file model_15.txt (compact mmCIF, N, CA and C atoms)
# COMPACT_ATOMS: atom_id res chain seq x y z
N MET A 147 -34.40 -39.29 -36.19
CA MET A 147 -33.69 -40.56 -36.18
C MET A 147 -34.59 -41.62 -36.81
N LYS A 148 -33.97 -42.56 -37.46
CA LYS A 148 -34.68 -43.64 -38.12
C LYS A 148 -33.94 -44.94 -37.86
N VAL A 149 -34.63 -45.97 -37.41
CA VAL A 149 -34.03 -47.29 -37.19
C VAL A 149 -34.61 -48.23 -38.23
N GLN A 150 -33.75 -48.95 -38.93
CA GLN A 150 -34.20 -49.89 -39.95
C GLN A 150 -33.58 -51.25 -39.72
N SER A 151 -34.25 -52.27 -40.19
CA SER A 151 -33.72 -53.63 -40.11
C SER A 151 -32.86 -53.90 -41.34
N TYR A 152 -31.73 -54.58 -41.11
CA TYR A 152 -30.83 -55.00 -42.19
C TYR A 152 -30.71 -56.52 -42.10
N LEU A 153 -31.19 -57.20 -43.11
CA LEU A 153 -31.25 -58.66 -43.11
C LEU A 153 -30.14 -59.24 -43.97
N SER A 154 -29.37 -60.16 -43.40
CA SER A 154 -28.31 -60.84 -44.13
C SER A 154 -28.79 -62.25 -44.47
N PHE A 155 -29.01 -62.50 -45.74
CA PHE A 155 -29.56 -63.78 -46.17
C PHE A 155 -28.50 -64.81 -46.53
N GLU A 156 -27.25 -64.50 -46.28
CA GLU A 156 -26.15 -65.46 -46.39
C GLU A 156 -26.12 -66.22 -47.71
N GLY A 157 -26.26 -65.46 -48.81
CA GLY A 157 -26.16 -66.07 -50.14
C GLY A 157 -27.50 -66.32 -50.82
N ARG A 158 -28.62 -66.04 -50.12
CA ARG A 158 -29.95 -66.31 -50.68
C ARG A 158 -30.79 -65.04 -50.83
N CYS A 159 -30.14 -63.90 -50.95
CA CYS A 159 -30.86 -62.63 -50.98
C CYS A 159 -31.79 -62.52 -52.20
N ASP A 160 -31.33 -62.87 -53.37
CA ASP A 160 -32.19 -62.82 -54.56
C ASP A 160 -33.44 -63.67 -54.36
N GLU A 161 -33.25 -64.87 -53.84
CA GLU A 161 -34.37 -65.77 -53.60
C GLU A 161 -35.34 -65.17 -52.58
N ALA A 162 -34.79 -64.59 -51.51
CA ALA A 162 -35.62 -63.98 -50.47
C ALA A 162 -36.41 -62.80 -51.02
N LEU A 163 -35.77 -61.95 -51.80
CA LEU A 163 -36.47 -60.80 -52.37
C LEU A 163 -37.61 -61.25 -53.27
N GLY A 164 -37.38 -62.28 -54.07
CA GLY A 164 -38.45 -62.82 -54.92
C GLY A 164 -39.60 -63.38 -54.09
N PHE A 165 -39.26 -64.06 -53.00
CA PHE A 165 -40.27 -64.63 -52.11
C PHE A 165 -41.12 -63.53 -51.49
N TYR A 166 -40.49 -62.47 -50.99
CA TYR A 166 -41.24 -61.39 -50.35
C TYR A 166 -42.06 -60.59 -51.37
N LYS A 167 -41.60 -60.51 -52.61
CA LYS A 167 -42.42 -59.88 -53.66
C LYS A 167 -43.72 -60.65 -53.83
N LYS A 168 -43.59 -61.97 -53.93
CA LYS A 168 -44.77 -62.81 -54.13
C LYS A 168 -45.66 -62.87 -52.89
N ALA A 169 -45.06 -63.08 -51.73
CA ALA A 169 -45.83 -63.28 -50.50
C ALA A 169 -46.47 -62.01 -49.96
N LEU A 170 -45.75 -60.88 -50.06
CA LEU A 170 -46.21 -59.65 -49.41
C LEU A 170 -46.31 -58.44 -50.34
N GLY A 171 -46.02 -58.64 -51.61
CA GLY A 171 -46.05 -57.51 -52.54
C GLY A 171 -44.88 -56.56 -52.35
N ALA A 172 -43.76 -57.07 -51.85
CA ALA A 172 -42.58 -56.23 -51.62
C ALA A 172 -42.11 -55.61 -52.93
N GLU A 173 -41.53 -54.44 -52.81
CA GLU A 173 -40.99 -53.73 -53.97
C GLU A 173 -39.51 -53.45 -53.72
N VAL A 174 -38.65 -53.94 -54.59
CA VAL A 174 -37.21 -53.68 -54.47
C VAL A 174 -36.96 -52.30 -55.06
N THR A 175 -36.42 -51.40 -54.23
CA THR A 175 -36.18 -50.03 -54.69
C THR A 175 -34.71 -49.77 -54.99
N GLN A 176 -33.84 -50.64 -54.52
CA GLN A 176 -32.40 -50.49 -54.80
C GLN A 176 -31.75 -51.86 -54.71
N LEU A 177 -30.88 -52.17 -55.65
CA LEU A 177 -30.14 -53.43 -55.61
C LEU A 177 -28.78 -53.22 -56.26
N MET A 178 -27.74 -53.55 -55.51
CA MET A 178 -26.38 -53.43 -56.02
C MET A 178 -25.64 -54.75 -55.80
N ARG A 179 -25.05 -55.25 -56.85
CA ARG A 179 -24.28 -56.49 -56.76
C ARG A 179 -22.81 -56.17 -56.58
N TYR A 180 -22.05 -57.14 -56.08
CA TYR A 180 -20.62 -56.93 -55.87
C TYR A 180 -19.92 -56.57 -57.16
N GLU A 181 -20.36 -57.13 -58.29
CA GLU A 181 -19.71 -56.84 -59.57
C GLU A 181 -19.90 -55.39 -60.02
N GLU A 182 -20.84 -54.68 -59.39
CA GLU A 182 -21.09 -53.28 -59.74
C GLU A 182 -20.21 -52.32 -58.95
N ALA A 183 -19.48 -52.82 -57.97
CA ALA A 183 -18.61 -51.95 -57.17
C ALA A 183 -17.45 -51.47 -58.03
N PRO A 184 -17.04 -50.23 -57.85
CA PRO A 184 -15.90 -49.73 -58.62
C PRO A 184 -14.63 -50.51 -58.30
N ALA A 185 -13.74 -50.61 -59.25
CA ALA A 185 -12.47 -51.31 -59.04
C ALA A 185 -11.75 -50.72 -57.84
N GLY A 186 -11.24 -51.60 -56.98
CA GLY A 186 -10.50 -51.16 -55.81
C GLY A 186 -11.36 -50.75 -54.64
N ALA A 187 -12.68 -50.90 -54.76
CA ALA A 187 -13.58 -50.53 -53.66
C ALA A 187 -13.29 -51.42 -52.46
N PRO A 188 -13.54 -50.95 -51.25
CA PRO A 188 -13.25 -51.73 -50.04
C PRO A 188 -13.85 -53.13 -50.05
N SER A 189 -15.02 -53.33 -50.66
CA SER A 189 -15.63 -54.65 -50.67
C SER A 189 -14.77 -55.67 -51.40
N GLU A 190 -14.01 -55.23 -52.40
CA GLU A 190 -13.16 -56.15 -53.15
C GLU A 190 -11.90 -56.50 -52.37
N ASN A 191 -11.50 -55.62 -51.47
CA ASN A 191 -10.27 -55.85 -50.73
C ASN A 191 -10.52 -56.47 -49.36
N ALA A 192 -11.77 -56.58 -48.98
CA ALA A 192 -12.10 -57.12 -47.65
C ALA A 192 -11.77 -58.60 -47.57
N GLU A 193 -11.25 -59.00 -46.43
CA GLU A 193 -10.97 -60.43 -46.24
C GLU A 193 -12.25 -61.21 -46.04
N ALA A 194 -13.23 -60.59 -45.36
CA ALA A 194 -14.51 -61.27 -45.15
C ALA A 194 -15.39 -60.99 -46.35
N GLY A 195 -15.94 -62.00 -46.90
CA GLY A 195 -16.83 -61.86 -48.04
C GLY A 195 -17.53 -63.17 -48.21
N CYS A 196 -18.09 -63.39 -49.35
CA CYS A 196 -18.76 -64.65 -49.59
C CYS A 196 -17.78 -65.79 -49.48
N ALA A 197 -18.17 -66.80 -48.75
CA ALA A 197 -17.35 -68.00 -48.52
C ALA A 197 -15.98 -67.66 -47.95
N GLY A 198 -15.90 -66.56 -47.17
CA GLY A 198 -14.68 -66.21 -46.47
C GLY A 198 -13.62 -65.55 -47.32
N GLY A 199 -13.91 -65.23 -48.56
CA GLY A 199 -12.93 -64.58 -49.42
C GLY A 199 -13.59 -63.53 -50.27
N MET A 200 -13.14 -63.41 -51.49
CA MET A 200 -13.70 -62.44 -52.42
C MET A 200 -15.18 -62.73 -52.63
N PRO A 201 -16.03 -61.73 -52.49
CA PRO A 201 -17.46 -61.95 -52.74
C PRO A 201 -17.70 -62.42 -54.16
N GLN A 202 -18.67 -63.29 -54.32
CA GLN A 202 -19.05 -63.73 -55.66
C GLN A 202 -19.65 -62.54 -56.39
N PRO A 203 -19.25 -62.26 -57.61
CA PRO A 203 -19.66 -61.05 -58.31
C PRO A 203 -21.17 -60.88 -58.45
N ASP A 204 -21.91 -61.98 -58.61
CA ASP A 204 -23.35 -61.86 -58.84
C ASP A 204 -24.17 -61.78 -57.55
N LYS A 205 -23.52 -61.84 -56.39
CA LYS A 205 -24.22 -61.79 -55.11
C LYS A 205 -24.61 -60.35 -54.77
N VAL A 206 -25.63 -60.22 -53.95
CA VAL A 206 -26.17 -58.91 -53.58
C VAL A 206 -25.31 -58.28 -52.48
N MET A 207 -24.71 -57.15 -52.81
CA MET A 207 -23.93 -56.40 -51.84
C MET A 207 -24.85 -55.57 -50.96
N HIS A 208 -25.91 -55.01 -51.55
CA HIS A 208 -26.84 -54.18 -50.79
C HIS A 208 -28.16 -54.07 -51.56
N ALA A 209 -29.25 -54.19 -50.82
CA ALA A 209 -30.57 -54.01 -51.42
C ALA A 209 -31.46 -53.28 -50.43
N VAL A 210 -32.42 -52.55 -50.98
CA VAL A 210 -33.44 -51.89 -50.19
C VAL A 210 -34.78 -52.34 -50.77
N PHE A 211 -35.69 -52.74 -49.88
CA PHE A 211 -37.01 -53.13 -50.35
C PHE A 211 -38.08 -52.64 -49.39
N ARG A 212 -39.26 -52.41 -49.94
CA ARG A 212 -40.39 -51.91 -49.17
C ARG A 212 -41.46 -52.97 -49.05
N ILE A 213 -41.99 -53.10 -47.85
CA ILE A 213 -43.18 -53.91 -47.61
C ILE A 213 -44.17 -52.95 -46.98
N GLY A 214 -45.20 -52.61 -47.72
CA GLY A 214 -46.14 -51.61 -47.23
C GLY A 214 -45.44 -50.29 -46.99
N GLU A 215 -45.52 -49.78 -45.77
CA GLU A 215 -44.91 -48.50 -45.42
C GLU A 215 -43.49 -48.65 -44.88
N THR A 216 -43.00 -49.88 -44.78
CA THR A 216 -41.71 -50.13 -44.14
C THR A 216 -40.62 -50.40 -45.16
N GLU A 217 -39.47 -49.79 -44.93
CA GLU A 217 -38.30 -50.01 -45.77
C GLU A 217 -37.32 -50.88 -45.00
N LEU A 218 -36.89 -51.96 -45.64
CA LEU A 218 -35.91 -52.88 -45.07
C LEU A 218 -34.69 -52.91 -45.98
N MET A 219 -33.56 -53.28 -45.42
CA MET A 219 -32.35 -53.44 -46.21
C MET A 219 -31.88 -54.89 -46.11
N ALA A 220 -31.12 -55.34 -47.10
CA ALA A 220 -30.69 -56.73 -47.13
C ALA A 220 -29.43 -56.88 -47.96
N SER A 221 -28.77 -58.03 -47.75
CA SER A 221 -27.61 -58.38 -48.57
C SER A 221 -27.42 -59.89 -48.50
N ASP A 222 -26.42 -60.36 -49.23
CA ASP A 222 -26.05 -61.77 -49.16
C ASP A 222 -25.09 -62.03 -48.01
N GLY A 223 -24.63 -61.00 -47.35
CA GLY A 223 -23.75 -61.17 -46.19
C GLY A 223 -22.52 -61.98 -46.53
N GLY A 224 -22.17 -62.89 -45.66
CA GLY A 224 -20.99 -63.72 -45.85
C GLY A 224 -21.20 -64.96 -46.69
N CYS A 225 -22.42 -65.14 -47.19
CA CYS A 225 -22.76 -66.26 -48.08
C CYS A 225 -22.48 -67.63 -47.46
N SER A 226 -22.73 -67.75 -46.18
CA SER A 226 -22.50 -69.03 -45.51
C SER A 226 -23.56 -70.07 -45.86
N GLY A 227 -24.67 -69.61 -46.44
CA GLY A 227 -25.75 -70.52 -46.80
C GLY A 227 -26.78 -70.71 -45.70
N LYS A 228 -26.49 -70.23 -44.49
CA LYS A 228 -27.42 -70.41 -43.39
C LYS A 228 -27.59 -69.10 -42.63
N ALA A 229 -28.67 -68.40 -42.95
CA ALA A 229 -28.97 -67.15 -42.25
C ALA A 229 -29.52 -67.46 -40.87
N GLU A 230 -29.15 -66.63 -39.90
CA GLU A 230 -29.67 -66.78 -38.54
C GLU A 230 -30.17 -65.43 -38.05
N PHE A 231 -31.41 -65.42 -37.62
CA PHE A 231 -32.03 -64.20 -37.12
C PHE A 231 -32.51 -64.46 -35.70
N LYS A 232 -31.61 -64.78 -34.82
CA LYS A 232 -31.96 -65.16 -33.46
C LYS A 232 -32.35 -63.93 -32.64
N GLY A 233 -33.44 -64.06 -31.90
CA GLY A 233 -33.86 -63.01 -30.99
C GLY A 233 -34.53 -61.82 -31.63
N VAL A 234 -34.83 -61.89 -32.93
CA VAL A 234 -35.46 -60.78 -33.63
C VAL A 234 -36.63 -61.31 -34.46
N MET A 235 -37.73 -60.58 -34.42
CA MET A 235 -38.88 -60.91 -35.28
C MET A 235 -39.34 -59.62 -35.94
N LEU A 236 -39.90 -59.75 -37.12
CA LEU A 236 -40.54 -58.62 -37.79
C LEU A 236 -42.03 -58.71 -37.52
N ALA A 237 -42.64 -57.62 -37.09
CA ALA A 237 -44.08 -57.60 -36.81
C ALA A 237 -44.80 -57.04 -38.02
N LEU A 238 -45.83 -57.73 -38.45
CA LEU A 238 -46.61 -57.34 -39.62
C LEU A 238 -48.05 -57.13 -39.18
N THR A 239 -48.56 -55.91 -39.33
CA THR A 239 -49.92 -55.58 -38.92
C THR A 239 -50.81 -55.46 -40.14
N ALA A 240 -51.85 -56.28 -40.15
CA ALA A 240 -52.83 -56.27 -41.24
C ALA A 240 -54.04 -55.45 -40.82
N ASN A 241 -54.78 -54.97 -41.80
CA ASN A 241 -56.00 -54.22 -41.52
C ASN A 241 -57.21 -55.13 -41.37
N THR A 242 -57.13 -56.34 -41.96
CA THR A 242 -58.29 -57.24 -41.93
C THR A 242 -57.84 -58.67 -41.66
N ASP A 243 -58.80 -59.50 -41.25
CA ASP A 243 -58.53 -60.92 -41.05
C ASP A 243 -58.15 -61.58 -42.38
N THR A 244 -58.79 -61.17 -43.45
CA THR A 244 -58.49 -61.74 -44.77
C THR A 244 -57.03 -61.48 -45.15
N GLU A 245 -56.56 -60.25 -44.91
CA GLU A 245 -55.16 -59.91 -45.20
C GLU A 245 -54.20 -60.75 -44.38
N VAL A 246 -54.45 -60.84 -43.07
CA VAL A 246 -53.50 -61.54 -42.20
C VAL A 246 -53.43 -63.02 -42.54
N VAL A 247 -54.56 -63.63 -42.90
CA VAL A 247 -54.57 -65.04 -43.29
C VAL A 247 -53.76 -65.23 -44.57
N LYS A 248 -53.97 -64.36 -45.54
CA LYS A 248 -53.24 -64.44 -46.82
C LYS A 248 -51.73 -64.33 -46.58
N TRP A 249 -51.32 -63.34 -45.81
CA TRP A 249 -49.89 -63.12 -45.56
C TRP A 249 -49.30 -64.24 -44.72
N PHE A 250 -50.01 -64.70 -43.72
CA PHE A 250 -49.53 -65.77 -42.85
C PHE A 250 -49.28 -67.03 -43.67
N ASN A 251 -50.26 -67.40 -44.49
CA ASN A 251 -50.12 -68.61 -45.31
C ASN A 251 -48.97 -68.49 -46.30
N ALA A 252 -48.81 -67.32 -46.90
CA ALA A 252 -47.73 -67.12 -47.87
C ALA A 252 -46.36 -67.21 -47.19
N LEU A 253 -46.21 -66.56 -46.04
CA LEU A 253 -44.93 -66.59 -45.34
C LEU A 253 -44.62 -67.97 -44.76
N ALA A 254 -45.65 -68.71 -44.40
CA ALA A 254 -45.46 -70.04 -43.79
C ALA A 254 -45.00 -71.09 -44.80
N GLU A 255 -45.19 -70.83 -46.10
CA GLU A 255 -44.82 -71.79 -47.13
C GLU A 255 -43.32 -72.09 -47.06
N GLY A 256 -42.98 -73.30 -46.69
CA GLY A 256 -41.58 -73.70 -46.56
C GLY A 256 -40.96 -73.29 -45.23
N GLY A 257 -41.74 -72.67 -44.37
CA GLY A 257 -41.23 -72.22 -43.07
C GLY A 257 -41.77 -73.07 -41.94
N GLN A 258 -41.78 -72.51 -40.75
CA GLN A 258 -42.23 -73.24 -39.58
C GLN A 258 -43.18 -72.36 -38.76
N VAL A 259 -44.40 -72.84 -38.56
CA VAL A 259 -45.38 -72.11 -37.77
C VAL A 259 -45.11 -72.35 -36.29
N MET A 260 -44.95 -71.29 -35.53
CA MET A 260 -44.74 -71.40 -34.09
C MET A 260 -46.05 -71.21 -33.34
N GLN A 261 -46.92 -70.35 -33.86
CA GLN A 261 -48.24 -70.11 -33.28
C GLN A 261 -49.22 -69.90 -34.43
N PRO A 262 -50.12 -70.87 -34.68
CA PRO A 262 -51.11 -70.66 -35.74
C PRO A 262 -51.96 -69.42 -35.44
N LEU A 263 -52.56 -68.87 -36.45
CA LEU A 263 -53.43 -67.71 -36.24
C LEU A 263 -54.58 -68.08 -35.32
N ILE A 264 -54.78 -67.26 -34.29
CA ILE A 264 -55.87 -67.48 -33.34
C ILE A 264 -56.42 -66.12 -32.89
N PRO A 265 -57.68 -66.10 -32.51
CA PRO A 265 -58.20 -64.87 -31.90
C PRO A 265 -57.67 -64.77 -30.47
N THR A 266 -57.39 -63.57 -30.03
CA THR A 266 -56.91 -63.35 -28.66
C THR A 266 -57.69 -62.18 -28.06
N PHE A 267 -57.39 -61.88 -26.81
CA PHE A 267 -58.06 -60.77 -26.15
C PHE A 267 -57.67 -59.42 -26.75
N PHE A 268 -56.55 -59.36 -27.48
CA PHE A 268 -56.09 -58.07 -28.01
C PHE A 268 -56.28 -57.92 -29.52
N THR A 269 -56.70 -58.99 -30.21
CA THR A 269 -56.90 -58.89 -31.66
C THR A 269 -57.74 -60.05 -32.16
N SER A 270 -58.30 -59.88 -33.34
CA SER A 270 -59.12 -60.95 -33.93
C SER A 270 -58.27 -62.08 -34.49
N ASN A 271 -56.98 -61.81 -34.79
CA ASN A 271 -56.07 -62.84 -35.30
C ASN A 271 -54.64 -62.49 -34.97
N PHE A 272 -53.92 -63.48 -34.42
CA PHE A 272 -52.52 -63.33 -34.04
C PHE A 272 -51.81 -64.64 -34.33
N GLY A 273 -50.60 -64.57 -34.91
CA GLY A 273 -49.81 -65.77 -35.15
C GLY A 273 -48.34 -65.44 -35.29
N MET A 274 -47.50 -66.48 -35.16
CA MET A 274 -46.05 -66.32 -35.29
C MET A 274 -45.50 -67.46 -36.12
N LEU A 275 -44.49 -67.14 -36.92
CA LEU A 275 -43.84 -68.16 -37.74
C LEU A 275 -42.43 -67.74 -38.07
N THR A 276 -41.67 -68.70 -38.54
CA THR A 276 -40.36 -68.45 -39.11
C THR A 276 -40.45 -68.84 -40.58
N ASP A 277 -40.09 -67.92 -41.47
CA ASP A 277 -40.21 -68.24 -42.90
C ASP A 277 -39.06 -69.13 -43.36
N ARG A 278 -39.06 -69.49 -44.61
CA ARG A 278 -38.06 -70.43 -45.16
C ARG A 278 -36.63 -69.92 -45.08
N PHE A 279 -36.46 -68.63 -44.81
CA PHE A 279 -35.12 -68.05 -44.72
C PHE A 279 -34.66 -67.87 -43.28
N GLY A 280 -35.53 -68.23 -42.33
CA GLY A 280 -35.19 -68.11 -40.92
C GLY A 280 -35.63 -66.80 -40.28
N VAL A 281 -36.31 -65.95 -41.04
CA VAL A 281 -36.80 -64.68 -40.50
C VAL A 281 -38.07 -64.95 -39.69
N GLY A 282 -38.09 -64.47 -38.45
CA GLY A 282 -39.26 -64.62 -37.61
C GLY A 282 -40.27 -63.52 -37.88
N TRP A 283 -41.54 -63.91 -37.93
CA TRP A 283 -42.63 -62.97 -38.19
C TRP A 283 -43.70 -63.11 -37.12
N LEU A 284 -44.19 -61.99 -36.68
CA LEU A 284 -45.34 -61.91 -35.78
C LEU A 284 -46.42 -61.18 -36.56
N LEU A 285 -47.55 -61.82 -36.77
CA LEU A 285 -48.63 -61.22 -37.55
C LEU A 285 -49.83 -60.96 -36.66
N VAL A 286 -50.44 -59.81 -36.85
CA VAL A 286 -51.55 -59.39 -36.02
C VAL A 286 -52.49 -58.52 -36.85
N VAL A 287 -53.77 -58.52 -36.50
CA VAL A 287 -54.74 -57.63 -37.14
C VAL A 287 -54.88 -56.40 -36.25
N ALA A 288 -54.78 -55.23 -36.88
CA ALA A 288 -54.94 -53.98 -36.14
C ALA A 288 -56.37 -53.87 -35.63
N GLN A 289 -56.49 -53.39 -34.44
CA GLN A 289 -57.81 -53.19 -33.85
C GLN A 289 -58.23 -51.74 -33.99
N PRO A 290 -59.50 -51.52 -34.27
CA PRO A 290 -59.96 -50.13 -34.41
C PRO A 290 -59.75 -49.36 -33.11
N THR A 291 -59.43 -48.10 -33.25
CA THR A 291 -59.21 -47.28 -32.04
C THR A 291 -60.42 -46.48 -31.69
call {"tool": "encode", "arguments": {"input": "model_15.txt", "output": "C-alpha cells"}}
result
Amino acid sequence: MKVQSYLSFEGRCDEALGFYKKALGAEVTQLMRYEEAPAGAPSENAEAGCAGGMPQPDKVMHAVFRIGETELMASDGGCSGKAEFKGVMLALTANTDTEVVKWFNALAEGGQVMQPLIPTFFTSNFGMLTDRFGVGWLLVVAQPT
C-alpha cells in the first residue's frame, strides 16, 4: 500500500510547481492539462470544474512531482483562487543544518513563519511555516542514529 498527498492549488498549480522547483529542487514527472483530455472525457462533462463550470483548458488537470524521495500529486482543483490545506502539514527532513536553513528560507518567501528554526531537545533545527500557497511545512534536521 502507498499513501500519497494530493494538493489542490485552486488555479495556481503552475505557479506552485515553479516555486517548488526553485525552492526545493522539485522535479515534475507528469503534467496533464484539461485541454489534453480526449473529447467527451468525464472532466469536460463534469459540472464542477474551474470557476464552477467547464475547466479552463490551460489549467492543470493532474500533475505528479518529486521532492527528494517523495512523490506528490497536484492539480488546479476547482480554480477558486484560494487553496486551503487545513489540518495538514508536509514534513521535510534535512540531513544538515545548512540544508534546512536553505529550504526554510526558500519556502518562507511570501509565506508565514509559525515557528522560526530553533534547536530543540530532539534536533539541531526545527521550524514550521505556511508557504505562499497555504501549504503547511514542518522542517527538521535528521539526527544520527
call {"tool": "residues_around", "arguments": {"input": "model_15.txt", "residues": "stretch 262-273 of chain A", "least_positions_apart": "6", "cutoff": "6 Å", "atoms": "only C-alpha atoms", "output": "CSV table (one decimal) with N, CA and C atoms, in the frame of the given file"}}
result
chain,number,residue,atom,x,y,z
A,284,LEU,N,-44.2,-62.0,-36.7
A,284,LEU,CA,-45.3,-61.9,-35.8
A,284,LEU,C,-46.4,-61.2,-36.6
A,285,LEU,N,-47.6,-61.8,-36.8
A,285,LEU,CA,-48.6,-61.2,-37.6
A,285,LEU,C,-49.8,-61.0,-36.7
A,286,VAL,N,-50.4,-59.8,-36.8
A,286,VAL,CA,-51.6,-59.4,-36.0
A,286,VAL,C,-52.5,-58.5,-36.8
A,287,VAL,N,-53.8,-58.5,-36.5
A,287,VAL,CA,-54.7,-57.6,-37.1
A,287,VAL,C,-54.9,-56.4,-36.2
call {"tool": "closest_residue", "arguments": {"input": "model_15.txt", "among": "A:Thr175, A:Gly223, A:Glu182, A:Pro203", "to": "A:Tyr152", "atoms": "only C-alpha atoms"}}
result
A:Gly223
call {"tool": "closest_residue", "arguments": {"input": "model_15.txt", "among": "A:Ala172, A:Thr291, A:Met178, A:Glu156", "to": "A:Leu218", "atoms": "only C-alpha atoms"}}
result
A:Ala172
call {"tool": "residues_near_point", "arguments": {"input": "model_15.txt", "point": "(-24.6, -61.7, -49.5)", "cutoff": "8 Å", "atoms": "only N, CA and C atoms", "output": "PyMOL selection string"}}
result
chain A and resi 154-160+195-196+201-202+205-208+220-226
call {"tool": "closest_residue", "arguments": {"input": "model_15.txt", "among": "A:Gln176, A:Gln258, A:Asn241, A:Ser151", "to": "A:Phe279", "atoms": "all atoms listed in the file"}}
result
A:Gln258
call {"tool": "closest_residue", "arguments": {"input": "model_15.txt", "among": "A:Met235, A:Met219, A:Gly257, A:Thr244", "to": "A:Gly282", "atoms": "only N, CA and C atoms"}}
result
A:Met235
call {"tool": "select_by_dssp", "arguments": {"input": "model_15.txt", "residues": "chain A", "states": "helix (DSSP H, G or I)", "output": "number ranges by chain"}}
result
A: 159-170, 180-182, 188-191, 196-198, 243-254
call {"tool": "write_last_selection", "arguments": {"input": "model_15.txt", "atoms": "N, CA and C atoms", "output": "short mmCIF file (atom, residue, chain, number, x, y, z; two decimals), in the frame of the given file"}}
result
data_model
loop_
_atom_site.label_atom_id
_atom_site.label_comp_id
_atom_site.auth_asym_id
_atom_site.auth_seq_id
_atom_site.Cartn_x
_atom_site.Cartn_y
_atom_site.Cartn_z
N CYS A 159 -30.14 -63.90 -50.95
CA CYS A 159 -30.86 -62.63 -50.98
C CYS A 159 -31.79 -62.52 -52.20
N ASP A 160 -31.33 -62.87 -53.37
CA ASP A 160 -32.19 -62.82 -54.56
C ASP A 160 -33.44 -63.67 -54.36
N GLU A 161 -33.25 -64.87 -53.84
CA GLU A 161 -34.37 -65.77 -53.60
C GLU A 161 -35.34 -65.17 -52.58
N ALA A 162 -34.79 -64.59 -51.51
CA ALA A 162 -35.62 -63.98 -50.47
C ALA A 162 -36.41 -62.80 -51.02
N LEU A 163 -35.77 -61.95 -51.80
CA LEU A 163 -36.47 -60.80 -52.37
C LEU A 163 -37.61 -61.25 -53.27
N GLY A 164 -37.38 -62.28 -54.07
CA GLY A 164 -38.45 -62.82 -54.92
C GLY A 164 -39.60 -63.38 -54.09
N PHE A 165 -39.26 -64.06 -53.00
CA PHE A 165 -40.27 -64.63 -52.11
C PHE A 165 -41.12 -63.53 -51.49
N TYR A 166 -40.49 -62.47 -50.99
CA TYR A 166 -41.24 -61.39 -50.35
C TYR A 166 -42.06 -60.59 -51.37
N LYS A 167 -41.60 -60.51 -52.61
CA LYS A 167 -42.42 -59.88 -53.66
C LYS A 167 -43.72 -60.65 -53.83
N LYS A 168 -43.59 -61.97 -53.93
CA LYS A 168 -44.77 -62.81 -54.13
C LYS A 168 -45.66 -62.87 -52.89
N ALA A 169 -45.06 -63.08 -51.73
CA ALA A 169 -45.83 -63.28 -50.50
C ALA A 169 -46.47 -62.01 -49.96
N LEU A 170 -45.75 -60.88 -50.06
CA LEU A 170 -46.21 -59.65 -49.41
C LEU A 170 -46.31 -58.44 -50.34
N TYR A 180 -22.05 -57.14 -56.08
CA TYR A 180 -20.62 -56.93 -55.87
C TYR A 180 -19.92 -56.57 -57.16
N GLU A 181 -20.36 -57.13 -58.29
CA GLU A 181 -19.71 -56.84 -59.57
C GLU A 181 -19.90 -55.39 -60.02
N GLU A 182 -20.84 -54.68 -59.39
CA GLU A 182 -21.09 -53.28 -59.74
C GLU A 182 -20.21 -52.32 -58.95
N PRO A 188 -13.54 -50.95 -51.25
CA PRO A 188 -13.25 -51.73 -50.04
C PRO A 188 -13.85 -53.13 -50.05
N SER A 189 -15.02 -53.33 -50.66
CA SER A 189 -15.63 -54.65 -50.67
C SER A 189 -14.77 -55.67 -51.40
N GLU A 190 -14.01 -55.23 -52.40
CA GLU A 190 -13.16 -56.15 -53.15
C GLU A 190 -11.90 -56.50 -52.37
N ASN A 191 -11.50 -55.62 -51.47
CA ASN A 191 -10.27 -55.85 -50.73
C ASN A 191 -10.52 -56.47 -49.36
N CYS A 196 -18.09 -63.39 -49.35
CA CYS A 196 -18.76 -64.65 -49.59
C CYS A 196 -17.78 -65.79 -49.48
N ALA A 197 -18.17 -66.80 -48.75
CA ALA A 197 -17.35 -68.00 -48.52
C ALA A 197 -15.98 -67.66 -47.95
N GLY A 198 -15.90 -66.56 -47.17
CA GLY A 198 -14.68 -66.21 -46.47
C GLY A 198 -13.62 -65.55 -47.32
N ASP A 243 -58.80 -59.50 -41.25
CA ASP A 243 -58.53 -60.92 -41.05
C ASP A 243 -58.15 -61.58 -42.38
N THR A 244 -58.79 -61.17 -43.45
CA THR A 244 -58.49 -61.74 -44.77
C THR A 244 -57.03 -61.48 -45.15
N GLU A 245 -56.56 -60.25 -44.91
CA GLU A 245 -55.16 -59.91 -45.20
C GLU A 245 -54.20 -60.75 -44.38
N VAL A 246 -54.45 -60.84 -43.07
CA VAL A 246 -53.50 -61.54 -42.20
C VAL A 246 -53.43 -63.02 -42.54
N VAL A 247 -54.56 -63.63 -42.90
CA VAL A 247 -54.57 -65.04 -43.29
C VAL A 247 -53.76 -65.23 -44.57
N LYS A 248 -53.97 -64.36 -45.54
CA LYS A 248 -53.24 -64.44 -46.82
C LYS A 248 -51.73 -64.33 -46.58
N TRP A 249 -51.32 -63.34 -45.81
CA TRP A 249 -49.89 -63.12 -45.56
C TRP A 249 -49.30 -64.24 -44.72
N PHE A 250 -50.01 -64.70 -43.72
CA PHE A 250 -49.53 -65.77 -42.85
C PHE A 250 -49.28 -67.03 -43.67
N ASN A 251 -50.26 -67.40 -44.49
CA ASN A 251 -50.12 -68.61 -45.31
C ASN A 251 -48.97 -68.49 -46.30
N ALA A 252 -48.81 -67.32 -46.90
CA ALA A 252 -47.73 -67.12 -47.87
C ALA A 252 -46.36 -67.21 -47.19
N LEU A 253 -46.21 -66.56 -46.04
CA LEU A 253 -44.93 -66.59 -45.34
C LEU A 253 -44.62 -67.97 -44.76
N ALA A 254 -45.65 -68.71 -44.40
CA ALA A 254 -45.46 -70.04 -43.79
C ALA A 254 -45.00 -71.09 -44.80
#
call {"tool": "closest_residue", "arguments": {"input": "model_15.txt", "among": "A:Leu275, A:Ala162, A:Leu236, A:Ala209", "to": "A:Phe250", "atoms": "only N, CA and C atoms"}}
result
A:Leu275
call {"tool": "axis_aligned_box", "arguments": {"input": "model_15.txt", "around": "stretch 250-268 of chain A", "padding_each_side": "5 Å", "output": "JSON"}}
result
{"center_x": -49.6, "center_y": -65.8, "center_z": -37.0, "size_x": 27.2, "size_y": 25.8, "size_z": 31.7}
call {"tool": "atom_distance", "arguments": {"input": "model_15.txt", "atom1": "atom CA of A:Thr239", "atom2": "atom C of A:Glu255"}}
result
19.6 Å
